[in-house]
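Just below is one structure, and these are the notes that go with it.
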Amino acid sequence: MAFLETKAYVLLVCALMFGQYGQIEAASENAVGDSGNITWKDMPTGNPYNSPDSYDEGSSPLPTVWSMVASWLDIVSPGDIPYELITDAIGGELEMSDINIMDYSDLFLGFGVCFVLGLLFLLIFPIVACCFCCCRTCCGKCGGKMYQKQTGNMECKMITFTVILAVITLVLSGGFACGFFVNARQSSEIENMGSNTQNSLDDILIFVNNTVDEILFVALNQSSWIFEVIEYDLSNVGETVGLPVREALRPYVGSAIDAILGMVATIEATRDGLDDMNSLVSDLDANYTDFIESIADLKQDIEDLYANCAGAGGCSAAGQDPQNTADTTNIVASRNFTDLPSSGTGPGYYPRTVVTAKSNGLTSVVNNDLESSAEAGRQDFEEIPELVQNETDSAVGDLVNSFDDFNGEIEDGLDPMIENLDSMSSVGSSLGDTISEYSETATDYDQYRSLFVLFLYFIALVVFILNILGIIFGLIGYDRYATPTKRSMLSNIGGLLLMASAGLCFIFAALLMVFTSFPFLIAGPLTKIVCGPIVSGELFENTVDLPDTIPGTSGYYVGSTLFDNGNVSVTFTGILDNCGDNKAAYSAFQLMHIVNISDILDMDSYISDGQFDDMKVNISDQVEIMSSETADNLANARDVNAASIPWSDFENELTSDLIDIGEDLNDFADDLQSYIDANSGSSSVFPGSYENDFTTMVSTIRSFQTSTVEPMVSDRDYVEYVLNAVQSNSSKINLAVNNTIAAGDAADTYITNNLDSVVASEVENFQSTMIGYINQFVDYITDMIYNEVGKCRPVKNLLDNLINTVCRGVLDPINGWWFCNGWCVFCFILNIIFSVKLAKFFRRMHDEDESDALEVQQRRNAASEMQKPASIIRNNQVSPSPDDFAKDELQEELHRVPNMLFDDPEGLKKKKGSDLPGVASTSNEYDPDGLVDKRSQAEETMTEDELPGVVTTEVGGGGGGQEQAGEVKPDAENTEAKIPEGETTVTTEPPGTPGPAVYNPPTLSEEGQVIENVNNNNESNVDNDITQ
């Protein structure tokens, strides 16, 4: 009993730790094949588990966020985990005084530096923001003065700052977008934490129940079934042992039994045939006597008809007409079926006296219990199974009791396990209620955390929107030719939106840093030092899985802990890997080092070979195939010698025709009908009604054939058939009896010499079958325990769910939160810098320099001239076209004229007209160095007062004619050229004239000649040209 309790508790340990994962489709019932092979049915259907078998990291972009967090932690903390401290702690030899924190600076320094930087940011950034705001507002510093110096690369700077700020804005959008996903993930994890934990507890209960069902199925149901099969075979040992014994003897005994029974049947058939012959021949003889009289009457009627017809002067008498083949001479019945006299001579042929004597002899043999004595031998042989059943009843009873006792002890030993598992179910239910209560509280408070996080990311969203709108409005309203004080309202709004974005960043950057630094300091080290090694498995691989690593433990720590034997190479990682492969607990935990299943399932301790030896009974003296009485009866039947009856004479009579003319009178009727047909009609030989009389006679003959001749022939044939059968059987008796007696003696001899050994052999076969059942059951149990019972994937899943809940479900969202916060803080700092700089290019300034305004106007005029149709220049034929390089260089020199005019107008007056760059001369020569050596007609006639005012004309009004070079007038009073009607003249005022001075530098034609541009004071026309 103690042994069985030990087995039960081992199975209980397996049940507590492991169980089949998921559902198993049940197969068919157990079955035993003809060869004794057992087909086992599958495990019963188990309840499905609730927890998922894999962890869901969430939808995109969450996996990317977790990866970036892990990469950042690897950068911050590149050091190795101090596994030696963990091993010392497990071994109980860790001394805090022996720990030098500097030895692990690579692991912890990064976290400290980042946290200190965060604190410095919290202290310094608000001060910087305050100083920045005060400098801009109170002192006009830090970009606060509403003045912007105009330079040539302003547009390039504006584009550069726009691109940089747009990139920063997009990066910022990624930060707060990921923050929204992380926040939703954290809320989901908190909301589902209670249900996930409850599912894990439920899975433990399901796991225990499924495992109990598996153990009960394998250890009870299957064992009960196999014991029922064994008990059934034992209880029906007549079939399982006796039947094979009988069938093993049948090839040697069966033919003798069949021969004896067949001989008895032949003797009885011969006796019955002889009796039938006497009766049938008597009937045949009487019937044939009547038949003779009927044939004679028929013959007489035919002859009388012939005689009467001849007497009437018609046909000839019977037999006298050579053309009439219907001769009545042979219509005679001459057979003799009467008995042969006892003297052996006389008119009869049937040997009745001899037949009767032989029949009486065989009857005496049959009446001497021939059939029952022969049947007794057959029955002894056929009842060998019942004989074996009766003789082995005591031994079988002992075996049945042994198996019943063993099965009952297994059931009793499993009862404590069932009770313990039931108590575990109640504990799990109460723990689940407690967890549900706390999870509801956490879910209630999580909404406030979620709202606060959403508020922070909403600020980042507002910054994103302000930046996007500021850039869009600034670019749409930007005018490259507008002075800073005359920028459009839309551009100014864009600048204000960017400043508002910078202000929000100043206000909330420090708050975001608070929720970056402190969560980072808590969650970062936990993830890096604790959860990371646990999730990757490195914690176990570098501590408890290494042999001789844990202080105070020799060999493997897990083997020493579980089995008190450090030489057992079992590791925690190996157990988890085995459970991940869904192996059974016995194999995964190598429980064979605690309990050897082979020893537990050793049936030799319950069933001994001697119990089967008691079934080897001796029954040869109880089986007799042919008794002496049966042999004597067979010999007496042989001595009757029924085959010596003289049948030949009688047989000749039976084989001869019953009528001399033949046994078919229809032939005679056909001949008579032919005679009637030949002699009827106009040449009829039949007087009066004789023709009808002859026709009636034909019908009478045919009727006589059917009613009299054919039945007589049938009776005669049957007698002949019986005679043949009697002759056949009687001829066999003499030879068959001798063979049968010899076969019966041989069968009895074989049974005497071999029956007991055959019984012993079949008992051994039966024992092998029973032991085979037990061995198959042991193999089945062993296979189930090694590979099926308590598959431990649920344990691996439960551990993974616990790790995922704490390390990934809780820490991952926290890590993602501080990472997204830091992401936004970093973007806020860059956003402050570049949004302030870009706003300077969009906002409307209050002050500007006069030179800045003139420079803007010059660029406006230059842009207007550059946009005129190219056909005007191509149509100027004043001078030949220079090469492209020379023309571009001359164009640059001409564009410097406005600066010369406005920077030093007095000095310019002192120059000669020939020194003015860009003035055309009458010569067709081209000077790329500035036309120093060229003189035009306008230069010679121009006075110093007239130099600043250059008159240009547009030729060809109306539908757009051609633009020609303007003509410089020598007359100072005439400030306008005479222009034909329909043409427009615009005069540029000299410097000093109130209002902005506008000067259009000359441009070159395709031939290299100077084209004097039209100067128009109407700014709207210039704006229109720029717009075009």
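Every chain in the structure tokens takes a letter, A first, then B, and so on in the order presented; its residues are numbered from 1, and the ligands are numbered from 1 following the presented order.
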key: Residue contacts of segment 232-242 of chain A (12 Å, only C-alpha atoms) excluding same-chain residues fewer than 4 positions away, as a ChimeraX atom specification   = /A:32,34,36,224-228,246-249,381-404,611-612,615-617,619,755-756,758-770,773
message = Env of segment 91-93 of chain A: 10 Å cut, atoms = only C-alpha atoms, seq-sep filter 2 positions within chain, self excluded. Answer as a PyMOL selection string.
response = chain A and resi 85-89+95-96+549-553+557
Just to be explicit: take each residue in the selection above, keep N, CA, C and O atoms, and write the result as a short mmCIF file (atom, residue, chain, number, x, y, z; two decimals), in the first residue's frame.
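Writing the result to selection-v6.cif gives the following:
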```
data_model
loop_
_atom_site.label_atom_id
_atom_site.label_comp_id
_atom_site.auth_asym_id
_atom_site.auth_seq_id
_atom_site.Cartn_x
_atom_site.Cartn_y
_atom_site.Cartn_z
N LEU A 85 27.17 38.45 -8.72
CA LEU A 85 26.45 38.89 -7.52
C LEU A 85 25.17 38.08 -7.33
O LEU A 85 24.79 37.76 -6.20
N ILE A 86 24.50 37.76 -8.45
CA ILE A 86 23.26 36.98 -8.35
C ILE A 86 23.56 35.58 -7.84
O ILE A 86 22.84 35.05 -6.99
N THR A 87 24.63 34.98 -8.36
CA THR A 87 24.98 33.63 -7.89
C THR A 87 25.35 33.65 -6.41
O THR A 87 24.99 32.73 -5.67
N ASP A 88 26.07 34.69 -5.99
CA ASP A 88 26.41 34.79 -4.57
C ASP A 88 25.16 34.97 -3.72
O ASP A 88 25.05 34.40 -2.62
N ALA A 89 24.20 35.76 -4.26
CA ALA A 89 22.96 35.97 -3.50
C ALA A 89 22.16 34.67 -3.40
O ALA A 89 21.59 34.36 -2.35
N GLU A 95 27.81 39.70 0.32
CA GLU A 95 28.10 40.70 1.34
C GLU A 95 28.11 42.07 0.69
O GLU A 95 28.87 42.31 -0.26
N MET A 96 27.24 42.95 1.17
CA MET A 96 27.14 44.28 0.57
C MET A 96 28.44 45.05 0.70
O MET A 96 28.77 45.90 -0.14
N THR A 549 28.59 26.68 -9.96
CA THR A 549 28.57 28.15 -9.95
C THR A 549 27.97 28.70 -8.67
O THR A 549 28.48 29.69 -8.12
N ILE A 550 26.93 28.11 -8.18
CA ILE A 550 26.26 28.58 -6.96
C ILE A 550 27.10 28.14 -5.76
O ILE A 550 27.40 26.94 -5.62
N PRO A 551 27.48 29.06 -4.91
CA PRO A 551 28.26 28.68 -3.73
C PRO A 551 27.51 27.67 -2.87
O PRO A 551 26.30 27.78 -2.66
N GLY A 552 28.23 26.70 -2.38
CA GLY A 552 27.64 25.68 -1.53
C GLY A 552 26.96 24.56 -2.28
O GLY A 552 26.38 23.67 -1.65
N THR A 553 27.00 24.59 -3.61
CA THR A 553 26.35 23.55 -4.42
C THR A 553 27.39 22.93 -5.35
O THR A 553 28.10 23.65 -6.06
N TYR A 557 22.84 23.16 -10.03
CA TYR A 557 22.04 23.66 -8.92
C TYR A 557 20.62 23.08 -8.95
O TYR A 557 20.08 22.68 -7.92
#
```
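Closest to Ala374 of chain A among A:Gly503, A:Gly495, A:Pro525, A:Gly744 is A:Gly744, based on only C-alpha atoms.
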inquiry  = So that I can check the secondary structure, give me every residue of segment 450-565 of chain A assigned alpha helix (DSSP H) by backbone DSSP, as JSON, numbers by chain.
reply    = {"A": [450, 451, 452, 453, 454, 455, 456, 457, 458, 459, 460, 461, 462, 463, 464, 465, 466, 467, 468, 469, 470, 471, 472, 473, 474, 475, 476, 477, 489, 490, 491, 492, 493, 494, 495, 496, 497, 498, 499, 500, 501, 502, 503, 504, 505, 506, 507, 508, 509, 510, 511, 512, 513, 514, 515, 516, 517, 518, 519, 520, 521, 522, 523, 524, 525, 532, 533, 534, 535, 536, 538, 539, 540, 541, 557, 558, 559, 560, 561, 562, 563]}
Can I get the selection written as a short mmCIF file (atom, residue, chain, number, x, y, z; two decimals), in the first residue's frame, with C-alpha atoms?
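Okay, out_16.cif is ready:
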```cif
data_model
loop_
_atom_site.label_atom_id
_atom_site.label_comp_id
_atom_site.auth_asym_id
_atom_site.auth_seq_id
_atom_site.Cartn_x
_atom_site.Cartn_y
_atom_site.Cartn_z
CA SER A 450 -4.49 58.45 -19.25
CA LEU A 451 -6.12 61.89 -19.35
CA PHE A 452 -2.96 63.56 -18.02
CA VAL A 453 -0.79 61.79 -20.60
CA LEU A 454 -3.22 62.74 -23.35
CA PHE A 455 -3.00 66.35 -22.16
CA LEU A 456 0.81 66.31 -22.52
CA TYR A 457 0.68 64.83 -25.99
CA PHE A 458 -2.11 67.22 -26.90
CA ILE A 459 0.32 70.06 -26.22
CA ALA A 460 2.78 68.40 -28.57
CA LEU A 461 -0.02 68.06 -31.10
CA VAL A 462 -0.79 71.77 -30.78
CA VAL A 463 2.90 72.57 -31.35
CA PHE A 464 2.79 70.38 -34.44
CA ILE A 465 -0.32 72.13 -35.76
CA LEU A 466 1.11 75.60 -35.05
CA ASN A 467 4.32 74.74 -36.88
CA ILE A 468 2.48 73.32 -39.89
CA LEU A 469 0.12 76.29 -40.13
CA GLY A 470 2.98 78.75 -39.50
CA ILE A 471 5.06 77.26 -42.30
CA ILE A 472 2.10 77.09 -44.69
CA PHE A 473 0.90 80.64 -43.99
CA GLY A 474 4.46 82.02 -44.05
CA LEU A 475 5.30 80.41 -47.38
CA ILE A 476 2.01 81.39 -49.01
CA GLY A 477 2.26 85.01 -47.82
CA MET A 489 -0.64 89.75 -43.19
CA LEU A 490 -0.66 86.03 -44.02
CA SER A 491 3.11 85.87 -43.70
CA ASN A 492 2.96 87.76 -40.44
CA ILE A 493 0.34 85.32 -39.08
CA GLY A 494 2.65 82.44 -40.00
CA GLY A 495 5.45 84.04 -37.99
CA LEU A 496 3.16 84.60 -35.01
CA LEU A 497 2.06 80.95 -35.10
CA LEU A 498 5.68 79.86 -35.03
CA MET A 499 6.34 82.12 -32.04
CA ALA A 500 3.32 80.65 -30.29
CA SER A 501 4.74 77.18 -30.98
CA ALA A 502 8.05 78.22 -29.42
CA GLY A 503 6.21 79.62 -26.41
CA LEU A 504 4.36 76.37 -25.78
CA CYS A 505 7.66 74.51 -26.01
CA PHE A 506 9.18 76.85 -23.42
CA ILE A 507 6.23 76.31 -21.08
CA PHE A 508 5.82 72.54 -21.23
CA ALA A 509 9.31 71.22 -22.04
CA ALA A 510 10.28 71.14 -18.37
CA LEU A 511 7.06 69.33 -17.44
CA LEU A 512 7.72 66.70 -20.09
CA MET A 513 11.27 66.35 -18.78
CA VAL A 514 9.90 65.56 -15.29
CA PHE A 515 7.96 62.63 -16.74
CA THR A 516 10.97 61.60 -18.77
CA SER A 517 13.68 61.53 -16.10
CA PHE A 518 11.90 59.86 -13.19
CA PRO A 519 10.15 57.07 -15.14
CA PHE A 520 13.44 56.49 -16.95
CA LEU A 521 15.32 56.16 -13.66
CA ILE A 522 12.81 53.56 -12.42
CA ALA A 523 11.84 51.56 -15.49
CA GLY A 524 15.14 51.71 -17.34
CA PRO A 525 17.32 49.82 -14.83
CA GLY A 532 15.96 41.85 -19.97
CA PRO A 533 17.97 38.86 -18.72
CA ILE A 534 14.79 37.06 -17.64
CA VAL A 535 13.06 37.50 -20.99
CA SER A 536 16.16 36.50 -22.97
CA GLU A 538 20.46 34.81 -19.96
CA LEU A 539 19.72 35.13 -16.25
CA PHE A 540 19.30 31.37 -15.90
CA GLU A 541 22.00 30.46 -18.40
CA TYR A 557 22.04 23.66 -8.92
CA VAL A 558 18.63 22.53 -10.26
CA GLY A 559 19.64 18.87 -10.06
CA SER A 560 20.90 19.36 -6.53
CA THR A 561 17.71 21.18 -5.52
CA LEU A 562 15.16 18.84 -7.11
CA PHE A 563 16.91 15.50 -6.85
#
```
If you count only C-alpha atoms, which residues fall within 7 Å of Cys820 of chain A, apart from same-chain ones fewer than 4 positions away, as an mmCIF file with all heavy atoms, in the first residue's frame?
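Result file out.cif:
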```
data_model
loop_
_atom_site.group_PDB
_atom_site.id
_atom_site.type_symbol
_atom_site.label_atom_id
_atom_site.label_comp_id
_atom_site.auth_asym_id
_atom_site.auth_seq_id
_atom_site.Cartn_x
_atom_site.Cartn_y
_atom_site.Cartn_z
ATOM 1 N N GLY A 175 6.954 61.413 -32.458
ATOM 2 C CA GLY A 175 7.071 61.249 -31.015
ATOM 3 C C GLY A 175 5.732 61.215 -30.312
ATOM 4 O O GLY A 175 5.445 60.284 -29.545
ATOM 5 N N PHE A 176 4.897 62.244 -30.541
ATOM 6 C CA PHE A 176 3.624 62.237 -29.811
ATOM 7 C C PHE A 176 2.638 61.209 -30.384
ATOM 8 O O PHE A 176 1.774 60.712 -29.678
ATOM 9 C CB PHE A 176 3.001 63.636 -29.736
ATOM 10 C CG PHE A 176 2.499 64.198 -31.042
ATOM 11 C CD1 PHE A 176 1.323 63.771 -31.618
ATOM 12 C CD2 PHE A 176 3.202 65.205 -31.683
ATOM 13 C CE1 PHE A 176 0.861 64.296 -32.800
ATOM 14 C CE2 PHE A 176 2.751 65.741 -32.875
ATOM 15 C CZ PHE A 176 1.579 65.279 -33.443
ATOM 16 N N CYS A 178 3.532 58.175 -31.438
ATOM 17 C CA CYS A 178 3.911 56.961 -30.709
ATOM 18 C C CYS A 178 3.457 57.046 -29.260
ATOM 19 O O CYS A 178 3.068 56.037 -28.655
ATOM 20 C CB CYS A 178 5.423 56.766 -30.779
ATOM 21 S SG CYS A 178 6.043 56.332 -32.422
ATOM 22 N N GLY A 179 3.504 58.258 -28.685
ATOM 23 C CA GLY A 179 3.033 58.434 -27.314
ATOM 24 C C GLY A 179 1.560 58.097 -27.171
ATOM 25 O O GLY A 179 1.152 57.479 -26.167
ATOM 26 N N GLY A 816 8.164 53.062 -23.023
ATOM 27 C CA GLY A 816 7.719 53.784 -24.211
ATOM 28 C C GLY A 816 7.255 55.192 -23.875
ATOM 29 O O GLY A 816 7.442 56.126 -24.668
ATOM 30 N N CYS A 824 9.868 64.064 -27.520
ATOM 31 C CA CYS A 824 9.191 65.359 -27.681
ATOM 32 C C CYS A 824 10.015 66.493 -27.093
ATOM 33 O O CYS A 824 10.075 67.602 -27.661
ATOM 34 C CB CYS A 824 7.808 65.306 -27.017
ATOM 35 S SG CYS A 824 6.645 64.188 -27.827
#
```
key: Pick from A:Leu526, A:Tyr556, A:Pro484, A:Asp671 nearest to Thr151 of chain A, counting only C-alpha atoms   =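 Result for the nearest residue to Thr151 of chain A: A:Pro484.
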task = Please identify all polymer residues within 9 Å of Asn308 of chain A, counting only C-alpha atoms, omitting same-chain residues fewer than 5 positions from it, and present them as a PyMOL selection string.
result = chain A and resi 303+313-315+317+690
key: Contacts of Ser644 of chain A within 12 Å, only C-alpha atoms, excl. fewer than 4 positions in-chain, as a list in words   =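 My list of contacting residues is Pro351, Val354, Val355, Ala357, Lys358, Arg638, Asp639, Val640, Ser648, Val726, Gln727, Ser728, Ser730, Ser731, Lys732, Ile733 and Asn734 of chain A.
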I need the residues from that last selection saved to file as a compact mmCIF listing (two decimals), in the first residue's frame (with all heavy atoms), if you can.
```txt
# COMPACT_ATOMS: atom_id res chain seq x y z
N PRO A 351 -33.32 -60.82 -55.93
CA PRO A 351 -32.83 -61.70 -54.86
C PRO A 351 -33.33 -61.23 -53.50
O PRO A 351 -32.52 -60.78 -52.65
CB PRO A 351 -31.31 -61.60 -54.99
CG PRO A 351 -31.07 -60.25 -55.52
CD PRO A 351 -32.22 -59.95 -56.45
N VAL A 354 -31.72 -62.80 -50.18
CA VAL A 354 -30.36 -62.35 -49.84
C VAL A 354 -30.38 -60.91 -49.33
O VAL A 354 -29.72 -60.56 -48.36
CB VAL A 354 -29.44 -62.50 -51.05
CG1 VAL A 354 -28.04 -62.01 -50.72
CG2 VAL A 354 -29.40 -63.94 -51.51
N VAL A 355 -31.18 -60.09 -50.02
CA VAL A 355 -31.26 -58.69 -49.62
C VAL A 355 -31.79 -58.57 -48.20
O VAL A 355 -31.28 -57.79 -47.38
CB VAL A 355 -32.15 -57.91 -50.61
CG1 VAL A 355 -32.42 -56.51 -50.09
CG2 VAL A 355 -31.48 -57.85 -51.98
N ALA A 357 -31.59 -60.72 -45.82
CA ALA A 357 -30.60 -61.20 -44.86
C ALA A 357 -29.52 -60.15 -44.59
O ALA A 357 -29.12 -59.91 -43.45
CB ALA A 357 -29.99 -62.50 -45.38
N LYS A 358 -29.03 -59.52 -45.66
CA LYS A 358 -28.00 -58.49 -45.48
C LYS A 358 -28.55 -57.30 -44.72
O LYS A 358 -27.87 -56.71 -43.87
CB LYS A 358 -27.46 -58.04 -46.83
CG LYS A 358 -26.83 -59.16 -47.66
CD LYS A 358 -25.61 -59.73 -47.00
CE LYS A 358 -24.95 -60.79 -47.87
NZ LYS A 358 -23.78 -61.42 -47.24
N ARG A 638 -18.74 -54.70 -41.43
CA ARG A 638 -17.87 -55.18 -42.51
C ARG A 638 -18.15 -56.65 -42.80
O ARG A 638 -18.18 -57.08 -43.96
CB ARG A 638 -16.42 -54.96 -42.09
CG ARG A 638 -15.40 -55.48 -43.09
CD ARG A 638 -14.05 -55.55 -42.43
NE ARG A 638 -14.09 -56.43 -41.24
CZ ARG A 638 -13.18 -56.43 -40.28
NH1 ARG A 638 -12.15 -55.61 -40.34
NH2 ARG A 638 -13.31 -57.27 -39.24
N ASP A 639 -18.39 -57.41 -41.71
CA ASP A 639 -18.61 -58.85 -41.89
C ASP A 639 -19.95 -59.18 -42.55
O ASP A 639 -20.11 -60.29 -43.10
CB ASP A 639 -18.53 -59.55 -40.53
CG ASP A 639 -17.14 -59.45 -39.91
OD1 ASP A 639 -16.17 -59.21 -40.69
OD2 ASP A 639 -17.00 -59.57 -38.67
N VAL A 640 -20.92 -58.30 -42.49
CA VAL A 640 -22.20 -58.56 -43.16
C VAL A 640 -21.98 -58.73 -44.66
O VAL A 640 -22.67 -59.53 -45.33
CB VAL A 640 -23.19 -57.41 -42.86
CG1 VAL A 640 -24.43 -57.52 -43.74
CG2 VAL A 640 -23.58 -57.42 -41.40
N SER A 648 -27.11 -58.90 -60.68
CA SER A 648 -26.94 -58.79 -62.14
C SER A 648 -28.21 -59.11 -62.91
O SER A 648 -28.59 -58.36 -63.84
CB SER A 648 -25.80 -59.71 -62.58
OG SER A 648 -26.07 -61.05 -62.20
N VAL A 726 -27.23 -48.45 -53.33
CA VAL A 726 -26.96 -49.58 -52.43
C VAL A 726 -25.68 -50.27 -52.85
O VAL A 726 -24.83 -50.64 -52.01
CB VAL A 726 -28.16 -50.54 -52.42
CG1 VAL A 726 -27.80 -51.85 -51.72
CG2 VAL A 726 -29.36 -49.89 -51.76
N GLN A 727 -25.50 -50.46 -54.14
CA GLN A 727 -24.30 -51.12 -54.62
C GLN A 727 -23.04 -50.29 -54.28
O GLN A 727 -22.01 -50.84 -53.89
CB GLN A 727 -24.39 -51.33 -56.14
CG GLN A 727 -25.35 -52.43 -56.55
CD GLN A 727 -25.45 -52.56 -58.06
OE1 GLN A 727 -25.34 -51.58 -58.80
NE2 GLN A 727 -25.67 -53.79 -58.52
N SER A 728 -23.17 -48.96 -54.44
CA SER A 728 -22.02 -48.09 -54.13
C SER A 728 -21.66 -48.14 -52.66
O SER A 728 -20.48 -48.27 -52.29
CB SER A 728 -22.33 -46.65 -54.57
OG SER A 728 -21.28 -45.79 -54.21
N SER A 730 -22.50 -50.34 -50.31
CA SER A 730 -22.10 -51.67 -49.84
C SER A 730 -20.69 -52.02 -50.30
O SER A 730 -19.95 -52.72 -49.61
CB SER A 730 -23.10 -52.73 -50.32
OG SER A 730 -23.14 -52.76 -51.75
N SER A 731 -20.31 -51.51 -51.46
CA SER A 731 -18.96 -51.80 -51.95
C SER A 731 -17.90 -51.06 -51.13
O SER A 731 -16.74 -51.48 -51.09
CB SER A 731 -18.85 -51.40 -53.43
OG SER A 731 -19.02 -50.01 -53.57
N LYS A 732 -18.28 -49.93 -50.49
CA LYS A 732 -17.33 -49.16 -49.68
C LYS A 732 -17.12 -49.75 -48.29
O LYS A 732 -16.11 -49.49 -47.66
CB LYS A 732 -17.81 -47.71 -49.54
CG LYS A 732 -17.86 -46.94 -50.83
CD LYS A 732 -18.40 -45.55 -50.56
CE LYS A 732 -18.51 -44.72 -51.84
NZ LYS A 732 -19.10 -43.38 -51.58
N ILE A 733 -18.13 -50.44 -47.82
CA ILE A 733 -18.11 -50.83 -46.40
C ILE A 733 -16.90 -51.65 -46.06
O ILE A 733 -16.18 -51.38 -45.08
CB ILE A 733 -19.42 -51.55 -46.03
CG1 ILE A 733 -20.59 -50.57 -46.06
CG2 ILE A 733 -19.30 -52.18 -44.65
CD1 ILE A 733 -21.93 -51.22 -45.77
N ASN A 734 -16.62 -52.65 -46.83
CA ASN A 734 -15.54 -53.57 -46.49
C ASN A 734 -14.20 -52.85 -46.36
O ASN A 734 -13.49 -52.97 -45.36
CB ASN A 734 -15.45 -54.67 -47.53
CG ASN A 734 -16.69 -55.58 -47.52
OD1 ASN A 734 -17.44 -55.63 -46.54
ND2 ASN A 734 -16.91 -56.29 -48.61
```
request  = Compile the contact shell of Ser200 of chain A as a list of chain:residue names: residues with an atom at most 12 Å away, counting only C-alpha atoms, same-chain residues fewer than 5 positions apart removed.
outcome  = A:Tyr49, A:Asn50, A:Ser51, A:Pro52, A:Asp53, A:Asn192, A:Met193, A:Gly194, A:Ser195, A:Leu205, A:Ile206, A:Phe207, A:Gly428, A:Ser429, A:Leu431, A:Gly432, A:Ile435, A:Pro794, A:Val795, A:Lys796, A:Asn797, A:Leu798, A:Leu799, A:Asp800, A:Asn801, A:Leu802, A:Thr805
inquiry  = Show me, as JSON, numbers by chain, the residues that have an atom within 8 Å of segment 707-723 of chain A when counting only C-alpha atoms, minus same-chain residues fewer than 2 positions from it.
reply    = {"A": [273, 276, 277, 280, 281, 284, 287, 288, 291, 651, 654, 655, 658, 663, 664, 703, 704, 705, 725, 726, 727]}
